[in-house]
Structures are given as structure tokens and as C-alpha cells.
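Chemist: Have a look at the structure that comes next, please.
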There are 2 protein chains.
Amino acid sequence: MSIPTFYNAHHSPVGAFASFTIGMKGKNGGFGLGLSGPAKQNVFIGLETTPNNFKLLPFCDAPSESTEINDFGIEDSSEDSYRPSFYTDEEISRSMGACCDKFTAPNLVFEIFTPHVNDDLEDAYIPAICMTLTVTNSHQEKKRWIFGFEQNHPQLALRPEGQILQNGLEFALATNDETVKCGVGFEPGGILNPRSEVNTLHLLGDAGVFYGELEPGETKTIQFVAAWYKGGEATSGLSTRYAYTDTYESVKAVAESALAQFEASVKASRTYDENLASKNLSAERHFQLALAIRSYYGSTQDLIETLTGNELWIVNEGEYRMMNTLDLTADMVFFELDHHPWTVANVLEWFRDRYRYNDEIVKDGVTVEGGVAFTHDMGVTNQFSRPEYSSYERAAYDDCFSYMTAEELLNWTGIACIYSLKQDIEWAADNHALLVECLTSIERRDHPEATERKGYIQWDSSRCEGGAEITTYDSLDMSLGQTRGSGYMAGKIFGICIALAEVLHKLGDQENADRASDQAQICANAIISKVNSEGIIPAVFEENSSKSTIIPHVEGLIWASEAGLSEVITTNYADLLKVLSKHLEAVLKPGICLFPDGGWKLSSTSDNSWLSKVYLCQYIAESMLGQSEQSSAEKAHVKWLTNEKSQFYSWSDQIINGIAIGSKYYPRGVTAHLWTK
Amino acid sequence: MSIPTFYNAHHSPVGAFASFTIGMKGKNGGFGLGLSGPAKQNVFIGLETTPNNFKLLPFCDAPSESTEINDFGIEDSSEDSYRPSFYTDEEISRSMGACCDKFTAPNLVFEIFTPHVNDDLEDAYIPAICMTLTVTNSHQEKKRWIFGFEQNHPQLALRPEGQILQNGLEFALATNDETVKCGVGFEPGGILNPRSEVNTLHLLGDAGVFYGELEPGETKTIQFVAAWYKGGEATSGLSTRYAYTDTYESVKAVAESALAQFEASVKASRTYDENLASKNLSAERHFQLALAIRSYYGSTQDLIETLTGNELWIVNEGEYRMMNTLDLTADMVFFELDHHPWTVANVLEWFRDRYRYNDEIVKDGVTVEGGVAFTHDMGVTNQFSRPEYSSYERAAYDDCFSYMTAEELLNWTGIACIYSLKQDIEWAADNHALLVECLTSIERRDHPEATERKGYIQWDSSRCEGGAEITTYDSLDMSLGQTRGSGYMAGKIFGICIALAEVLHKLGDQENADRASDQAQICANAIISKVNSEGIIPAVFEENSSKSTIIPHVEGLIWASEAGLSEVITTNYADLLKVLSKHLEAVLKPGICLFPDGGWKLSSTSDNSWLSKVYLCQYIAESMLGQSEQSSAEKAHVKWLTNEKSQFYSWSDQIINGIAIGSKYYPRGVTAHLWTK
């Protein structure tokens, strides 16, 4: 079995930018709201074996003396005899799907349910998740169980109130089992063994624990919910609130409502996972997709603009927390369209209305009119950037942090086309003029003069102020990082112009549809013409090209494929498909675009490979270019995510030599959803 | 000069639970909201010397390569040549009062103004403070200055907007100087040397910096404000909002208003400090009082109850953040009455209405009716505890965390008396019945049978459930920690009953006034009768007394003294004063109640001494018992607060062998205000 037991995974409601991240050993998980990574809290889940000896799942620091109590200047006031130890690795097994995550140990089963978006639920966007703890007392005396955590927010504190344990106004754990007790203390022992029962209701200490008793031989399942709440203004730059605040007035109200729909939530989670299992993915792909879906939802935010009441869907960019990074949306759209297509239109429209700009373009010192374009993102960490500007892009750069003008123009156009074709062609009709503007802007960035067009981007945005545009592959070398002359971009223009031609055709605008088809043809020609004697397409098409060889030439086909135009490609662009197939075959070899472990290497000259893009390219390779799934690659990719250095970050994108180095805790991996098609 | 240059001090608005804590070297200060200690942020204040070389005040980490940028997976994208270094210790001087704190270095003066409560200000409770940076360019070329910080809140990010630099919705730095620029980046260099001016408006990075240019020979003073804002619900358990949210809708509005009243604020700060200087305290006492006043205001919170609109004044308990700990209020009341007496009545009434209870009392296994009492506190870290219960007290303890029933009953009564006599006797009339209840409860805790009263507490509250009550000195040994038989408590009952007798007399209730006087007399008799052959009063009056010798026998006199009844004491209790004078003389010796460094040791058997109580006892000793200020003690106390281990915490209370160990970052030191009387 290549899937290990211990690694972090998000367990998140939809649109709350919240997560119960857990699964890696140690103080590496916990309950987070709006964070760039796991909350790093101790989580206590365990069962009493002999009096005061508790076996715990290993999700907290190894037991040691608490030091906090000493802040009160007293040397030793603890008379608690609570002695925790961990279940051994061998005693614990885990089964994780996209919505159910189950830890099984002797006499203890802890399961977490995250139903994600499901229309069967009364409120699929409730900012809460469900959990069950099933414990069995195999002894002759009463035994106790515990479930709780240690809060670590610098401004918050815990407060027990009946069956609800609140952390400030932001978070709560709750149960509907009235036999369950809950308390607060410096560490679990002080709560489990109070000198008087009433003491558990004092408020000092950062440990909050639920606990209860089992009769000899008794097995019991206790239902818990974790609820998050951020009231009032949620963002600056543009004032918004969380959408759920219109339904719930407090974290307590969220918890109560989540408990009320507990059974339905669990059912929805199981149904989702059964459906996913029925796709018969390999164990490795099933794991990667499930992990990726979790990290996606942990990054989502469903907001309402204060001034207008308009909804605003945000996917935060993992550890970076940039908001609706458009080159991520372009990869995640295939997943989103199958789960909540409204978010796709929503993001398109916010870019259209607030994060669109017009520029000039520059080549060899000549500046001319450019066209419409879109920003890289809408802000970062709950700060909206000013209209027409991203949080990320800067002038006078030619690598990371430069402008992604052409990249994001293509992304918006591609997403708009796919949305229109798969979901709502009327939307395209409403945005017809802008779609034509996009076509013009794409053409002009190849070249303003039709006769000079080469099928790739030749001009840079004037916003670069002498720098050079980059692609989404901002941290890779020039094989993929630079926009001008990029073979990856050529493939992307091709696929998106195919889709755009189809949209314009359906709108009855054949003249512009033909323009889009023409541009696609120029791109196809360019790619074909660049093939070298070994069947390899160079990474960069201009003179100063590097010696790099890349996989993402094939990436752009996704836009035609997902537009439902695979047959058109097969029929009309058989030569291009043939070239791309041969290219792939030639480069998917150790030393070129395979790492020694068999994992995919997007660029032969960079040790930095991005799993989201690997997944997407795998899908294209297998669905259109004659490749098949390689077990060695899948095993390698699982190891990239779950090795000791990577496993803290749930799903991560940028993997350097097998270790998650950048784009950690990241939403983009849902390109793996394409595998299920 | 015994006052060093580098130590942290609070710089706080009134009632905002906020602080710009700064003054210790390194990444040890910063802008905090609702924290238990300094924010641990880098603060950048400096001036360019040669191109790109900046001299900074040493309030940030020693310059090194930024690592955050590497999270983006790129190896080296920085082309910034900014090179910071620190002014030397010898180049920096500091002058700190209670409201003005001024750092002077070559060509640079940084001054912080905290006007505290001043009726001359349009809004003395605005959640903002003022700062000026005065810089001189002594060079022949243009030079730049910088002022900014590195944010470290896990859920927030920076956003520059014109002359305001916001951190989430919680904090902002702002200036009204339109020539000043501001930007955000991974470190100051990226902001000072942007490849293009427009780049400073991107949003990535945790460093936010204001900067500007000086012409050769130019001297310039730039005004800044730091503004805090916590919108919406501020607390749980009892829903409240910050009072300032009724005036200001955002942190930006706060900043703009603070800039508008800048000159008046600075003037108010200077006036306060001039007045303080005119008291002619020794340098050491002036320093300690100024530092203590700062830590007091950093802990204050002015709230409005959501449901009723009632105001609610909270003083948070420093690092512990317990709310309105009543045994602290009892020490701070002397300061508060001279600054904002309304808060004293406010806290009294909240205790009366929500945190009052009735108990039974226990002695030798016998339980009888007790009386009215008050809780230790109202909650912790923005969580109100349930009515009639504190966050702190627990049953079945006999040391730290036990009940302080008699201690808090006396505190409420004492505060009520002082408030009534100094501020508003009508308030006492409105609370006459409760004051009599308090008297009864005090008497009964000595003994329910009048004939059995001994002048100290003999009974424990039934809430202790077999444990024993403690005093405010919770972490000291039994010499001061236990309530039953405590000599410290005997003195406290004495002083408060003297004050209470006066209040009842003024209300025309001579019968009860006489009861109070009788109880005072019993206490005085008890103290006098316990004196041993060396003139020393034992710490504990019951059989099982320890060998301890303590200073706080004298503490209770403060209640009579502050009630304006010093003459009554001198006249009617000359024998008691004589005994206490002799006691003090006998114990204020090395090896008994003086540490080797000359500092005051509250208990001969504990190395834990509390500065707030030392200050109070010093005042009593000097104003009523014939002692005089000892330079060696003052120098020692300054060192206790400013040594390398203590200086991080601004003002701290619990000092163990000269090091701040508990009650750090604490509001209680304003007992030093008594020195100015």
C-alpha cells in the first residue's frame, strides 16, 4: 500500500475559509480560520485504559509537564494524575475519501465528515463540519474518553457553555449528547480530574476538552460538530461579510444548526465518497484527488459585498492567500463546473467588473494599443486590491511578480468559453462584445498586424515598464516562466481560440468565430513547425530559446476538450495531435521529463514540478494522446505529498525534487477531478 | 543614572486594550490589540546616511536576509540594496514620562504621545496614539527616512491606501503629510527601492513602511498616528462592543480623527507629564510611576453591553487578561478616582449586579449562613464568566485558584466607601442596604457570634468545598496566601471598617456605623495583642502560624487614609499606629523584609515580592508610620523592572529574587500614584 496513515488533510466546510486540518502526528493540525497553514494546535482524542491512563491518537505533542500554569508564579499546584500515551502506529489505520476521513484504533474510531456542496442538505454552505467518536469499553470498570484541543489564537480564549465549547466568537466544538461534559483547563488532566465538578466551568487555560464515561462493555458513538464564525466586516479594500452571517447570528447558532442536520450531512459525505469510489481510480489517484478536493474547499470563501449585497466567491491561494488568482481559477474551473457552476460565473463577473484593464503593448521599443486584460488576482489575505490591479503584479520584473497579462487574458477567455458552452450560452450572449474584445486582445499580443502573427505571444504589456510578462509558472525557469515566445502559451492560445470560435459560432457571430479559428490554426502551425528531428517541440519558440523540453505544450488542449470539441480536434487537427503525441512520448523519459522516481517533470531544466499541472497534462495525455497511467509515476506523486517534509501542508503544488517547497496548503490540485471524466 | 535606555513601555490609548509597546532592543515590541504581552514585531525607524545605508533605532531583528520571499519557490529575486544598521547604544538617549516617550539619536528624534484621559480633548477615548518623527539631513545630498513595522498577525495582512497603512481591519498607521509615501513588501528594502514607483502599492509581504525624502540641510517633523479598531461583537458570555465603535465606523475613521486632534493630544500629553514632573518624585519613583501608568492604560477596555447599551469598564489583568480582577481594582482605585472616577462606580455596579453571590460559611465542619460576597473577576480574555462566578476561582483548593470570598467582599466594600466619600455620597445612599449587608457579611466571616469575633477571618466560604480561602497574594506562601487568621486581612478589615463607619455615619445610620467601628476596634486589638517581644506582628494569627514576618500588616491603613480619616486614626488608634511603626522598623532589615539589594520583601519567607503592594506599603509607611524613601530600595526596584529578563514586559508585579516571573505586563502598579499625594 503506497498510501501512508499519517499526513495532514483539510476537513473544511464550503466557503468559510476554515479547516480542521489533521492527520499528521504531533502538534501539527487543529482548527483554523483564515490561516496560511495548519493551526498547529494539540488535538486530544483518546480512551482510558487503566485509571487515569489514556491512549490517544498521536495528534498532540508527546505528553510532558504543562508550563503555562507556572505563569501564575506558583511552583506546583497540580495534583492531576492524568497520564496520556499514544496508540502505536500499528494500532492505527486510516481510510480517507474526499468527504469522509476515518481513524481506527483499538476500541476507538474517529471519523470526520465534510459533505461539501450537496443540494440534499438544508444548508450545504453552513460553516461547520461533523465528527463522530465511537468508543468501546472492553474493561470491567467504567472508562472515560476525551475529545478536545488546545487553542493557540493570541487574542482568543475558551469558554464552556453546556454542550458547547467556544473559542472566542470565532470557533466552537459542540455535541448534542447531554451526558457529555466539557471543561477548560491548563491541560486535559485538570479537566478530567477536577477536585470538584464545578471547577470545569472556570475559564483559565487553553485546553478545552469534552469527556464522558462508558459502562463496562458499552460501545457509544458521540456526535460532534466544529463550527466557525467571523461576524461583521470580513475584508478591507472592498467591504464584505461572510454570506453565512445572513443565516446565523453567532458561532453557537451555527453549531446548533449543524447538529440539527448532522445525519443528513454524514449521509451526503458517504454518498459523495461512494460515488468517487465508483470511478475506480487507482488507489494513488483516488488519494490525490480526495486530498486535493479537501484543500480546495479549505481555501474557499463565500462573501457578500456590504454596499450592494452582491455575492462574491473567493478561492484563496493556499499559503499565499491571494484571492481568486485567475491562473488557478483556470485550472480549478473543470472541478467547479461539476460542483457549483455559479461560482465560475461569479468570479468571471467580478474580474469583468472590477479587475479588468486595458493596456498598451510593447515590442522592441515600439509601443502600440494593446487591449483588454485581467489582473492576476483580486487581493490577498482578506485585503482586496484596488480596481484594475492585483496584489501580486509589479512593474519592471521579468520573473516572479511580473505581470501575467496575456496569461490571465487567456484564462478569463477560456473560463468564459467553457462556462458558456457547458452551462449557459446566454451568459456568452450577454458578454458577447467583451468576448470579441478578448479575441482582439489575444490576436494583438501575438501581433497587431495580422500578417505578422506567429501563433505565440510576441508583445509584452506596457504595464511591465520594460520588464517581461510571465506565465502562471512564475517560479520556473524561462522554459515555462516567460510569456514571450512560450510554447506552452501557444498551446493555450490554440485551445482557447478553438473554444472561443465555438462560442462565437453559437452566438451567430461567424465572422469573429472565423478569426478565432484562424488564430488557433496559426498556433497549431507554429507548434508543428517547431518540432525538431527527435520529435521534440522546444519550450520557447523565439531565437533565444533555452535547451529546455517541457510537458505543458499539451496543456492547452484541455480547453477544446472540455468545450466538448475533442472530435473537432481529432478531425481537424490530427497533425497537431500526432506531433504532441510524439513529443510526449519522446520527453516522458528519465533524464528528460521524468524524475528518477518516475514522477513527472514539467520542464527538463527545472527540478520544480507542479502537481496540479501534472494532473491536467496526464488527463490530456491519456484522453487524447495515447498515454496510459503509470503506476511508478502515481506512487512517486503520492510520496511527494506525504513524505515527512511535505505531509504538514495537506495538498501542495510546487514540488522540488520530491519535496513540497512552494504553493503549499493549496487549492489547485482539483485538476485531478479530470481523471474521473 | 539608574534608569536605563532600553526597556519596553506601553503606549496606549484609553479603553482600547491596545498598545504600541516599544523600547526594548530587538523584535520585542510592536502594535498589539488584546494581547497578553508585547506584539513581538519588527519596528523600523531610521534615517539614510549614505545611499541605501540606513541607521535604525534598534527595535527590530538585526538585519539579515528575508526568508519569506522564498516561500514563492524562487531562489533570489531581490535586487534591493537597502542596508540597515543600528545606532549605537551611546548614540541613543531616552526621556520617558507617563505620556511622552522620546528617543533621541543623531539627526533623529522619535516621540510617542499618549494623552490618556484628558477633558481638554475632543475625544480622550479615541483608540489611537500620536507619534512624531523629526529627522535632519546633515548631508549634501537628499536623504530618506523610514518608519514602519512588520505585521505578524496570523489572520491579517497590510494594505497601503494613500497616507494610511492598514493591517486588516484592526490596525492602521497614518500620517497627514502628503509628501510621505507608504508601501508594502517582504522587507523595507523592497519598498524603499522599488523597480517602479507603482510597485509599492502591491499587497504581498508583511513589512509596511512610510518613507520620505529630505533636502540637504532640511529638518522635518512628520506626524503619525497609530489607530486600532475592533468592530462588531467584542466579547462572549456577555455580548458587548467597544464604546468607540459608536463614534467611528472603521480604523480609517479613527486614524483621520486622531490626526485632526493631533496638536491637542500632544499638548495634553506634555501637560500631564509637566504636572507629574512638578511632583518632584525621585527619578526612580518617577520612572516606576510613569511605566505603571502606561501598563494600566494598555490593559483598559471601554465597552458597551449590546443588549442594554450600558457602559462597561474593564481593566484586563496584564498577561493573564482576567477582567476586572477585584483585588486589583482595590489597588488601582486610588489612581482611578483621580483620573476617571466614573469607572470606579461602573465596576462597583457591574459587580453588584452580575458578580455578587451569597454563600454559607464553614468552620471546623460546621456550616452556617454566610452573607453577600463578590467574585474574583468577571471573566478572562474577552470571555465573560457566568453570573455569580469568576473565571479564576475553584472549589477544593487551598492555594492558587481557590476562592477569595472574604478578600473580594472587603475589596468591594472598601472601594464603595472610598468612592462614596471622595466622589459621591449619594451613591452610598443608593446602595445603603447592600453596604450594611457587606458589614454583616464581614462580621460573620470573623464569627457569626459577636462574642467570638477575633478581628480576623475565622470562617471559610462554603464555595471552597473543604478547601480554604486565599487572599490576593495567591502565589505567596501561607504567610500572606491564606485568608483564615491572616494578619494582612486583619489590617484590611480594620481600615475598611473605619471607612465604612464613616460612610454609614454620613448616611445617618449611626447604629450600623457603630457596628463597623466595633469591628475595626476588634481588629486593632487583635493586631496589637499579637506583637511579640521584638515588636514584630506575626503573619498569621492562629495557632498553626508560620514563622513568617510580613510588611502588609500596614496595608489596610490605606482605606482609612484615602477616606480622609488619617486624623481619626492618629487620634483614636495611636496605639495601633505605634505598633505598626515599630513592626515596620523591626522588619525592614536585610534578612527579614529587605532583599540583599535593598528592595522590599513583602514576606520574610517568600522570595516573591509584589511591586504594586510595595508601592502602597511604602506610601503608608512614609505618610503614617514615620519611614522615609530609601534610595537603595528605589534603585533595586527599578532594576527589578528593567533587567534583561524583566524589561520585555513593561511593568510587572510579581518579582522573584529581582526577576519578573508572574503578573507581567500588568496594570496594578498605579498604586505608585499614591506617592504623588
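Just so we're on the same page: first chain in the C-alpha cells is A, next is B, and so on; residues restart at 1 for each chain, and ligands are numbered from 1 in the order they show up.
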Could you produce a table of the residues of chain B lying within 7 Å of chain A, with the nearest pair of atoms per residue and their separation in Å rounded to one decimal, using only C-alpha atoms, ordered by chain and increasing residue number, as CSV?

Modeler:
residue,atom,partner,partner_atom,distance
B:Gly34,CA,A:Gln155,CA,5.7
B:Leu35,CA,A:Gln155,CA,5.8
B:Asp71,CA,A:Gly662,CA,5.5
B:Phe72,CA,A:Gly662,CA,5.5
B:Gly73,CA,A:Gly662,CA,5.0
B:Ile74,CA,A:Ser475,CA,5.3
B:Pro154,CA,A:Leu35,CA,6.3
B:Gln155,CA,A:Gly34,CA,5.8
B:Leu156,CA,A:Thr381,CA,6.4
B:Ala157,CA,A:Thr381,CA,5.8
B:Arg159,CA,A:Gln383,CA,6.7
B:Gly168,CA,A:Ser236,CA,6.5
B:Leu169,CA,A:Ser236,CA,6.4
B:Arg195,CA,A:Ala396,CA,5.8
B:Ser196,CA,A:Ala395,CA,5.8
B:Asn199,CA,A:Arg394,CA,5.1
B:His202,CA,A:Ser391,CA,4.8
B:Leu203,CA,A:Ser391,CA,4.6
B:Leu204,CA,A:Ser391,CA,6.3
B:Gly232,CA,A:Gly232,CA,5.6
B:Ser236,CA,A:Leu169,CA,6.4
B:Val380,CA,A:Leu203,CA,6.8
B:Thr381,CA,A:Ala157,CA,5.8
B:Gln383,CA,A:Arg159,CA,6.7
B:Ser391,CA,A:Leu203,CA,4.6
B:Tyr392,CA,A:His202,CA,6.0
B:Glu393,CA,A:His202,CA,6.9
B:Arg394,CA,A:Asn199,CA,5.1
B:Ala395,CA,A:Ser196,CA,5.8
B:Ala396,CA,A:Arg195,CA,5.8
B:Ser475,CA,A:Ile74,CA,5.3
B:Ile661,CA,A:Gly73,CA,6.3
B:Gly662,CA,A:Gly73,CA,5.0

Chemist: Could you pull the residues within 6 Å of range 105-110 of chain A, counting only C-alpha atoms, minus those fewer than 3 positions along the same chain, as a list in words?

Modeler: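 Contacts, with the query itself left out: Glu91, Ile92, Lys102, Thr132, Leu133, Thr134, Val135 and Thr136 of chain A.
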
Chemist: Restricting it to N, CA and C atoms, dump the selection as a CSV table (one decimal), in the first residue's frame.

Modeler:
chain,number,residue,atom,x,y,z
A,91,GLU,N,-1.3,0.1,15.6
A,91,GLU,CA,-2.7,0.0,16.0
A,91,GLU,C,-3.7,0.9,15.3
A,92,ILE,N,-3.1,1.8,14.5
A,92,ILE,CA,-4.0,2.9,13.8
A,92,ILE,C,-4.1,2.6,12.4
A,102,LYS,N,-11.5,8.5,8.3
A,102,LYS,CA,-11.8,7.6,9.4
A,102,LYS,C,-10.5,7.1,10.0
A,132,THR,N,-17.7,12.0,14.3
A,132,THR,CA,-18.2,11.1,15.3
A,132,THR,C,-17.0,10.4,16.0
A,133,LEU,N,-17.2,10.2,17.3
A,133,LEU,CA,-16.2,9.4,18.1
A,133,LEU,C,-17.0,8.2,18.6
A,134,THR,N,-16.5,7.0,18.1
A,134,THR,CA,-17.1,5.7,18.6
A,134,THR,C,-16.1,5.0,19.5
A,135,VAL,N,-16.5,4.8,20.7
A,135,VAL,CA,-15.6,4.2,21.7
A,135,VAL,C,-16.2,3.0,22.4
A,136,THR,N,-15.4,2.0,22.7
A,136,THR,CA,-15.9,0.8,23.3
A,136,THR,C,-15.1,0.6,24.6

Chemist: Going by DSSP on the backbone, which bits of range 309-448 of chain B are strand (DSSP E or B)? Write them as a list in words, please.

Modeler: Glu311, Leu312, Trp313, Ile314, Val315, Asn316, Met322, Met323, Arg356, Tyr357, Asn358, Asp359, Glu360, Ile361, Val362, Lys363, Val366, Thr367, Val368, Glu369, Gly370, Gly371, Val372, Ala373, Phe374, Gly379, Val380, Gln383 and Phe384 of chain B

Chemist: For the residues in that selection, give me C-alpha atoms as a short mmCIF file (atom, residue, chain, number, x, y, z; two decimals), in the first residue's frame.

Modeler:
data_model
loop_
_atom_site.label_atom_id
_atom_site.label_comp_id
_atom_site.auth_asym_id
_atom_site.auth_seq_id
_atom_site.Cartn_x
_atom_site.Cartn_y
_atom_site.Cartn_z
CA GLU B 311 -21.24 51.05 29.51
CA LEU B 312 -18.77 48.58 30.98
CA TRP B 313 -15.23 49.49 32.02
CA ILE B 314 -12.77 46.64 32.06
CA VAL B 315 -9.19 46.55 33.25
CA ASN B 316 -7.63 43.36 31.92
CA MET B 322 -8.68 38.33 33.64
CA MET B 323 -11.31 41.05 33.54
CA ARG B 356 -22.33 39.16 43.53
CA TYR B 357 -23.36 35.99 45.38
CA ASN B 358 -24.43 34.72 48.76
CA ASP B 359 -22.75 31.77 50.39
CA GLU B 360 -22.63 29.77 53.56
CA ILE B 361 -19.56 29.71 55.75
CA VAL B 362 -17.72 26.80 57.30
CA LYS B 363 -15.51 26.30 60.34
CA VAL B 366 -19.94 23.45 60.97
CA THR B 367 -21.79 25.22 58.14
CA VAL B 368 -23.94 28.29 58.75
CA GLU B 369 -25.34 31.14 56.74
CA GLY B 370 -22.61 33.37 55.31
CA GLY B 371 -23.52 36.55 53.55
CA VAL B 372 -23.04 38.65 50.49
CA ALA B 373 -19.79 38.31 48.55
CA PHE B 374 -18.26 39.20 45.21
CA GLY B 379 -14.06 36.68 33.02
CA VAL B 380 -10.90 36.32 31.00
CA GLN B 383 -14.96 35.85 27.69
CA PHE B 384 -17.31 36.95 30.44
#

Chemist: Near Glu170 in chain A, within 7 Å and counting only C-alpha atoms, which residues show up once chain neighbours fewer than 4 positions away are dropped, as a list in words?

Modeler: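 In the requested form, the answer reads Trp228, Tyr229, Lys230 and Val251 of chain A.
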
Chemist: Grab the residues selected above and save them as a compact mmCIF listing (two decimals), in the first residue's frame with N, CA and C atoms.

Modeler:
# COMPACT_ATOMS: atom_id res chain seq x y z
N TRP A 228 -17.40 27.41 12.76
CA TRP A 228 -16.60 28.64 12.68
C TRP A 228 -17.53 29.83 12.46
N TYR A 229 -17.10 31.00 12.85
CA TYR A 229 -17.92 32.19 12.63
C TYR A 229 -17.04 33.42 12.64
N LYS A 230 -17.15 34.20 11.59
CA LYS A 230 -16.48 35.51 11.55
C LYS A 230 -17.57 36.52 11.27
N VAL A 251 -21.57 31.83 16.39
CA VAL A 251 -20.99 30.50 16.22
C VAL A 251 -21.86 29.46 16.91

Chemist: What is the CA of Val225 in chain B-CA of Val43 in chain B distance in Å, reported with one decimal?

Modeler: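 Between CA of Val225 in chain B and CA of Val43 in chain B the gap works out to 14.6 Å.
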
Chemist: Might you pull out every residue within 7 Å of Ile498 in chain B, with only C-alpha atoms counted and same-chain residues fewer than 6 positions away left off, and present them as a list in words?

Modeler: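 Final neighbour list, sorted by chain and number: Ala516, Ser517, Ala520 and Ala560 of chain B.
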
Chemist: For Gln41 in chain B, which of B:Pro596, B:Gly208, B:Gly535, B:Gly183 is the closest residue, counting only C-alpha atoms?

Modeler: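 Checking each of B:Pro596, B:Gly208, B:Gly535, B:Gly183 against Gln41 in chain B, counting only C-alpha atoms, the winner is B:Gly208.
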